Structures are given as structure tokens and as C-alpha cells.
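This is final-v7.cif (mmCIF, C-alpha atoms).
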```cif
data_structure
loop_
_atom_site.label_atom_id
_atom_site.label_comp_id
_atom_site.auth_asym_id
_atom_site.auth_seq_id
_atom_site.Cartn_x
_atom_site.Cartn_y
_atom_site.Cartn_z
CA MET P 1 33.18 12.51 -8.27
CA VAL P 2 29.47 11.62 -8.32
CA LYS P 3 28.67 14.63 -6.17
CA LEU P 4 30.52 16.95 -8.57
CA TYR P 5 28.60 15.52 -11.50
CA ASN P 6 25.34 15.97 -9.62
CA LEU P 7 26.19 19.57 -8.71
CA THR P 8 27.07 20.26 -12.35
CA THR P 9 24.04 18.58 -13.89
CA PHE P 10 21.61 20.20 -11.45
CA ASP P 11 23.12 23.61 -12.27
CA ILE P 12 22.85 22.92 -16.00
CA MET P 13 19.27 21.63 -15.79
CA ALA P 14 18.25 24.59 -13.62
CA GLU P 15 19.71 26.97 -16.16
CA LEU P 16 17.85 25.20 -18.97
CA ALA P 17 14.58 24.98 -17.04
CA PHE P 18 14.61 28.27 -15.11
CA GLY P 19 17.10 30.46 -16.94
CA GLU P 20 19.67 30.49 -14.14
CA PRO P 21 21.87 27.94 -12.37
CA LEU P 22 21.32 27.00 -8.74
CA GLY P 23 24.92 27.85 -7.84
CA LEU P 24 25.56 24.36 -6.53
CA LEU P 25 28.89 23.87 -8.25
CA ALA P 26 30.14 27.24 -6.99
CA SER P 27 29.14 26.41 -3.39
CA SER P 28 30.18 22.73 -3.62
CA SER P 29 27.02 21.75 -1.77
CA TYR P 30 23.44 20.76 -2.42
CA SER P 31 20.71 23.28 -1.78
CA GLU P 32 17.85 22.25 0.50
CA TRP P 33 15.66 21.75 -2.58
CA VAL P 34 18.13 19.41 -4.29
CA GLY P 35 18.68 17.55 -1.01
CA ASN P 36 14.93 17.03 -0.83
CA ILE P 37 14.92 15.70 -4.39
CA PHE P 38 17.49 13.06 -3.40
CA GLY P 39 15.50 12.29 -0.26
CA ASN P 40 12.33 11.86 -2.31
CA LEU P 41 14.10 9.57 -4.76
CA LYS P 42 15.24 7.35 -1.89
CA ALA P 43 11.80 7.44 -0.26
CA ASN P 44 10.13 6.57 -3.56
CA ALA P 45 12.48 3.62 -4.04
CA PHE P 46 11.64 2.41 -0.53
CA ALA P 47 7.91 2.90 -1.13
CA GLN P 48 8.15 1.01 -4.43
CA LYS P 49 9.86 -1.93 -2.72
CA ALA P 50 7.28 -1.92 0.08
CA SER P 51 4.50 -1.90 -2.52
CA GLU P 52 6.09 -4.82 -4.37
CA LEU P 53 6.38 -6.83 -1.13
CA HIS P 54 2.75 -6.06 -0.27
CA PHE P 55 1.56 -7.16 -3.71
CA ALA P 56 3.70 -10.34 -3.61
CA HIS P 57 2.17 -11.23 -0.26
CA ALA P 58 -1.33 -10.61 -1.64
CA ILE P 59 -0.58 -12.91 -4.59
CA GLU P 60 0.64 -15.63 -2.26
CA ARG P 61 -2.45 -15.35 -0.05
CA VAL P 62 -4.85 -15.26 -3.02
CA ASN P 63 -3.27 -18.36 -4.55
CA ARG P 64 -3.54 -20.19 -1.23
CA ARG P 65 -7.18 -19.09 -0.85
CA ILE P 66 -8.18 -20.06 -4.40
CA ASN P 67 -6.58 -23.48 -3.97
CA THR P 68 -8.50 -24.08 -0.75
CA THR P 69 -12.09 -25.29 -0.93
CA THR P 70 -14.18 -23.76 1.81
CA GLU P 71 -17.81 -23.11 2.55
CA GLU P 72 -16.88 -20.10 4.66
CA THR P 73 -18.24 -16.89 3.20
CA ASP P 74 -15.53 -14.52 2.10
CA ILE P 75 -15.27 -12.04 -0.74
CA TRP P 76 -13.81 -14.51 -3.21
CA ASN P 77 -16.29 -17.25 -2.35
CA LEU P 78 -19.08 -14.82 -3.25
CA VAL P 79 -17.39 -13.49 -6.38
CA LEU P 80 -16.29 -16.84 -7.78
CA ARG P 81 -19.80 -18.30 -7.40
CA GLN P 82 -21.24 -15.73 -9.80
CA PRO P 83 -22.02 -16.91 -13.35
CA ASP P 84 -19.85 -14.21 -14.92
CA SER P 85 -16.89 -14.84 -12.59
CA ARG P 86 -14.85 -16.17 -15.52
CA GLN P 87 -14.53 -12.57 -16.69
CA ILE P 88 -12.35 -11.80 -13.68
CA THR P 89 -8.69 -12.37 -14.45
CA LYS P 90 -6.27 -13.70 -11.88
CA GLY P 91 -4.45 -10.37 -12.13
CA GLY P 92 -7.71 -8.62 -11.27
CA VAL P 93 -8.15 -10.86 -8.25
CA TYR P 94 -4.58 -10.10 -7.12
CA THR P 95 -4.99 -6.36 -7.56
CA ASN P 96 -8.37 -6.22 -5.84
CA SER P 97 -7.17 -8.33 -2.93
CA SER P 98 -4.23 -6.00 -2.46
CA LEU P 99 -6.55 -2.98 -2.54
CA PHE P 100 -9.05 -4.60 -0.15
CA MET P 101 -6.33 -5.04 2.44
CA VAL P 102 -5.28 -1.39 2.29
CA ALA P 103 -8.69 0.20 1.80
CA GLY P 104 -10.55 -2.05 4.21
CA SER P 105 -8.12 -2.22 7.10
CA GLU P 106 -6.61 1.14 7.95
CA THR P 107 -9.78 3.01 7.04
CA THR P 108 -11.94 0.74 9.19
CA ALA P 109 -9.51 1.00 12.11
CA THR P 110 -9.61 4.80 11.81
CA ILE P 111 -13.39 5.01 11.93
CA LEU P 112 -13.63 2.44 14.75
CA SER P 113 -11.08 4.41 16.79
CA GLY P 114 -13.09 7.58 16.20
CA VAL P 115 -16.37 5.90 17.16
CA THR P 116 -14.81 4.45 20.30
CA TYR P 117 -13.39 7.82 21.35
CA LEU P 118 -16.63 9.69 20.73
CA LEU P 119 -18.75 7.08 22.52
CA LEU P 120 -16.45 6.94 25.55
CA LYS P 121 -16.55 10.74 25.69
CA ASN P 122 -20.38 10.61 25.59
CA PRO P 123 -21.55 7.76 27.88
CA ASN P 124 -25.24 8.57 27.35
CA LYS P 125 -24.80 8.07 23.57
CA LEU P 126 -22.93 4.83 24.22
CA ALA P 127 -25.78 3.57 26.42
CA ARG P 128 -28.34 4.42 23.75
CA LEU P 129 -26.29 2.59 21.09
CA VAL P 130 -25.82 -0.46 23.33
CA THR P 131 -29.59 -0.59 23.86
CA GLU P 132 -30.22 -0.55 20.10
CA ILE P 133 -27.58 -3.21 19.40
CA ARG P 134 -28.83 -5.52 22.18
CA GLN P 135 -32.24 -5.65 20.52
CA VAL P 136 -30.65 -8.09 18.08
CA GLU P 137 -31.29 -11.48 19.68
CA SER P 138 -28.70 -13.63 17.95
CA GLU P 139 -25.85 -13.43 15.49
CA LYS P 140 -28.09 -14.99 12.81
CA ASP P 141 -30.45 -12.02 13.15
CA LEU P 142 -27.64 -9.57 12.41
CA THR P 143 -28.27 -9.17 8.69
CA ILE P 144 -27.66 -6.31 6.29
CA ARG P 145 -31.39 -5.62 6.29
CA ARG P 146 -31.44 -5.49 10.10
CA LEU P 147 -28.35 -3.28 10.21
CA SER P 148 -29.95 -0.84 7.79
CA LYS P 149 -32.84 -0.42 10.24
CA MET P 150 -30.54 0.42 13.15
CA THR P 151 -30.95 4.17 12.82
CA TYR P 152 -28.95 5.17 15.89
CA LEU P 153 -25.99 3.03 14.85
CA THR P 154 -26.13 4.68 11.43
CA ALA P 155 -26.25 8.13 13.03
CA VAL P 156 -23.26 7.32 15.27
CA LEU P 157 -21.22 6.11 12.32
CA ASN P 158 -22.16 9.14 10.22
CA GLU P 159 -21.18 11.51 13.01
CA ALA P 160 -17.86 9.73 13.52
CA LEU P 161 -17.19 9.95 9.78
CA LYS P 162 -17.55 13.73 10.00
CA TRP P 163 -14.93 13.95 12.74
CA TYR P 164 -12.62 11.13 11.65
CA PRO P 165 -12.83 10.61 7.89
CA PRO P 166 -10.98 7.38 7.06
CA VAL P 167 -8.63 8.33 4.25
CA PRO P 168 -6.09 5.73 3.15
CA VAL P 169 -2.46 6.68 3.72
CA GLY P 170 -1.60 6.81 0.04
CA VAL P 171 -4.25 9.35 -0.84
#
```
Please go through the file and, once you have read it, give me the structure as C-alpha cells.
Amino acid sequence: MVKLYNLTTFDIMAELAFGEPLGLLASSSYSEWVGNIFGNLKANAFAQKASELHFAHAIERVNRRINTTTEETDIWNLVLRQPDSRQITKGGVYTNSSLFMVAGSETTATILSGVTYLLLKNPNKLARLVTEIRQVESEKDLTIRRLSKMTYLTAVLNEALKWYPPVPVGV
């Protein structure tokens, strides 16, 4: 019964939208296009549920993090120490945490995979990069300022970005 109603309503809507029916009712079957519409509806419902689960997990983790006092440096430790941190709503923290996980994980893994592949394919470039990195004597010396002066590392990353641009899945 539901299928007959769907065939009928798709034919009617097609006639209203495009000036002619799709002929679904006459053939008693869905066209490939209509089948894809149903498939997309199911996929969208699945994607929506997955998104909700992801966001719920982010909320749980944020709440646990905010309720834990730590001297470890993380994003929220830095943000919440700022004088104007009261302007950030809890909803904003939840949303940003959720985005950080997506934008910062898959994209970083993509570029690291690309860098690894390119360096293993070019051992002389790998050796040059290792030499530059080993000039840093200790972990304490590895600062943003120091990283910005590592020109070969920057060049390697820029080249890898050309070949393997890290675009999030949802884009």
C-alpha cells in the first residue's frame, strides 16, 4: 500500500514540478532516480544519528574535562584562562570541541600520511629533514618560534599539502 502511495505521489509531484509524470504508477516500480531519493533519505537519517552520537560524546568529554582541574596545557586550559573567557557559552565549547575532533584529526592524518609517503619515496629529502629536526636539542626547545624557523620542514609540509590537501569528509 505504501509503495502504491509513493508511486502515485511521485508521479503527481513530477507532473506538478516538471509538467509530466514519471510513469511510476504505470510501471509499478521506482525509477533509478526515485530509488536514489529513498537511498539518500535513509543515508541522511543515518548521518544525522551519527552526528548526534558524535556531538553527545563531545558533550560528555567536555563536561568531564571542565570538571577536572589540570595544569596540563590543552585548548580549553588556554581558552578558559583568558579574561574574556566568560563570553564563551557552554554550547560554544561543545560545538567547537566537536569541530576540533573532526577538523583536527582526519585532516592531520591525511597530511601526515602524505608527508610519510613522499619522504619514503624520496630518501634524500627525508635525510635532509631529519638533519634539520635533529638540530633541536630538547623537547623544551621545540617552540612555535623555533618551528617557524625550520624552513625545510615548512617546505616539506607545503609540498605535501599540494599533493594531499586535507579536506574533511563532510566538505
Practice task
Tell me which residues the PyMOL selection byres ((chain P and resi 119) around 12) grabs here, as a list in words.
Solution key: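 Written out, the selection comes to Leu112, Ser113, Gly114, Val115, Thr116, Tyr117, Leu118, Leu120, Lys121, Asn122, Pro123, Asn124, Lys125, Leu126, Ala127, Arg128, Leu129, Val130, Leu153, Val156, Leu157, Glu159 and Ala160 of chain P.
Distances here use only C-alpha atoms; by that measure, the residue among P:Tyr30, P:Ala155, P:Gly19, P:Thr131 closest to Tyr5 in chain P is P:Tyr30.
When only C-alpha atoms are used to compute distances to Ala58 in chain P, the closest of the residues P:Thr89, P:Asn44, P:Thr95, P:Gln82 turns out to be P:Thr95.
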Exercise for the section: For CA of Asn67 in chain P and CA of Ser98 in chain P, determine how far apart the two atoms are, in Å to one decimal place. Expected result: 17.7 Å
Handout entry: Separation of CA of Ala45 in chain P from CA of Ala103 in chain P, in Å and rounded to one decimal
Key =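 So the two atoms, CA of Ala45 in chain P and CA of Ala103 in chain P, lie 22.2 Å apart.
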Problem - Spatial neighbours of range 64-66 of chain P, 9 Å, only C-alpha atoms, chain gap at least 5 places, as a PyMOL selection string - result: chain P and resi 59+76-77
Practice task
Can you turn the PyMOL selection byres ((chain P and resi 166) around 12) into a concrete residue list for this file, as a ChimeraX atom specification?
Solution key: /P:102-115,157-158,160-165,167-171
Write a file of the just-selected residues containing C-alpha atoms, as a PDB file, keeping the file's coordinate frame.
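Saved to part02.pdb:
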```pdb
ATOM      1  CA  VAL P 102      -5.280  -1.390   2.290  1.00  0.00           C
ATOM      2  CA  ALA P 103      -8.690   0.200   1.800  1.00  0.00           C
ATOM      3  CA  GLY P 104     -10.550  -2.050   4.210  1.00  0.00           C
ATOM      4  CA  SER P 105      -8.120  -2.220   7.100  1.00  0.00           C
ATOM      5  CA  GLU P 106      -6.610   1.140   7.950  1.00  0.00           C
ATOM      6  CA  THR P 107      -9.780   3.010   7.040  1.00  0.00           C
ATOM      7  CA  THR P 108     -11.940   0.740   9.190  1.00  0.00           C
ATOM      8  CA  ALA P 109      -9.510   1.000  12.110  1.00  0.00           C
ATOM      9  CA  THR P 110      -9.610   4.800  11.810  1.00  0.00           C
ATOM     10  CA  ILE P 111     -13.390   5.010  11.930  1.00  0.00           C
ATOM     11  CA  LEU P 112     -13.630   2.440  14.750  1.00  0.00           C
ATOM     12  CA  SER P 113     -11.080   4.410  16.790  1.00  0.00           C
ATOM     13  CA  GLY P 114     -13.090   7.580  16.200  1.00  0.00           C
ATOM     14  CA  VAL P 115     -16.370   5.900  17.160  1.00  0.00           C
ATOM     15  CA  LEU P 157     -21.220   6.110  12.320  1.00  0.00           C
ATOM     16  CA  ASN P 158     -22.160   9.140  10.220  1.00  0.00           C
ATOM     17  CA  ALA P 160     -17.860   9.730  13.520  1.00  0.00           C
ATOM     18  CA  LEU P 161     -17.190   9.950   9.780  1.00  0.00           C
ATOM     19  CA  LYS P 162     -17.550  13.730  10.000  1.00  0.00           C
ATOM     20  CA  TRP P 163     -14.930  13.950  12.740  1.00  0.00           C
ATOM     21  CA  TYR P 164     -12.620  11.130  11.650  1.00  0.00           C
ATOM     22  CA  PRO P 165     -12.830  10.610   7.890  1.00  0.00           C
ATOM     23  CA  VAL P 167      -8.630   8.330   4.250  1.00  0.00           C
ATOM     24  CA  PRO P 168      -6.090   5.730   3.150  1.00  0.00           C
ATOM     25  CA  VAL P 169      -2.460   6.680   3.720  1.00  0.00           C
ATOM     26  CA  GLY P 170      -1.600   6.810   0.040  1.00  0.00           C
ATOM     27  CA  VAL P 171      -4.250   9.350  -0.840  1.00  0.00           C
TER      28      VAL P 171
END
```
Exercise for the section: Choose the residue, out of P:Ser31, P:Val62, P:Ile133, P:Lys3, that has the smallest atom-to-atom separation from Met101 in chain P; count all atoms listed in the file. Expected result: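 Under the stated criterion, the closest residue is P:Val62.
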Practice task
Quote the spacing between CA of Val79 in chain P and CA of Ser97 in chain P in Å to one decimal place.
Solution key: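 Straight-line distance from CA of Val79 in chain P to CA of Ser97 in chain P works out to 12.0 Å.
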I'd like the residues picked by the PyMOL selection byres ((chain P and resi 23) around 10) written out as a short mmCIF file (atom, residue, chain, number, x, y, z; two decimals) with C-alpha atoms, in the coordinates of the input, using the chain letters and numbers from the file.
```cif
data_model
loop_
_atom_site.label_atom_id
_atom_site.label_comp_id
_atom_site.auth_asym_id
_atom_site.auth_seq_id
_atom_site.Cartn_x
_atom_site.Cartn_y
_atom_site.Cartn_z
CA LEU P 7 26.19 19.57 -8.71
CA THR P 8 27.07 20.26 -12.35
CA PHE P 10 21.61 20.20 -11.45
CA ASP P 11 23.12 23.61 -12.27
CA ILE P 12 22.85 22.92 -16.00
CA ALA P 14 18.25 24.59 -13.62
CA GLU P 15 19.71 26.97 -16.16
CA GLU P 20 19.67 30.49 -14.14
CA PRO P 21 21.87 27.94 -12.37
CA LEU P 22 21.32 27.00 -8.74
CA LEU P 24 25.56 24.36 -6.53
CA LEU P 25 28.89 23.87 -8.25
CA ALA P 26 30.14 27.24 -6.99
CA SER P 27 29.14 26.41 -3.39
CA SER P 28 30.18 22.73 -3.62
CA SER P 29 27.02 21.75 -1.77
CA TYR P 30 23.44 20.76 -2.42
CA SER P 31 20.71 23.28 -1.78
#
```
Exercise for the section: Find the residue from P:Val93, P:Ile37, P:Ile144, P:Met1 that sits nearest to Glu60 in chain P; use only C-alpha atoms when measuring. Expected result: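 Ranking P:Val93, P:Ile37, P:Ile144, P:Met1 by distance to Glu60 in chain P, first place goes to P:Val93.
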Exercise for the section: For each of P:Phe100, P:Gly91, P:Tyr152, P:Leu147, take the minimum atom-to-atom distance to Glu132 in chain P, counting all atoms listed in the file, then give the residue where this is smallest. Expected result: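 Closest candidate: P:Tyr152.
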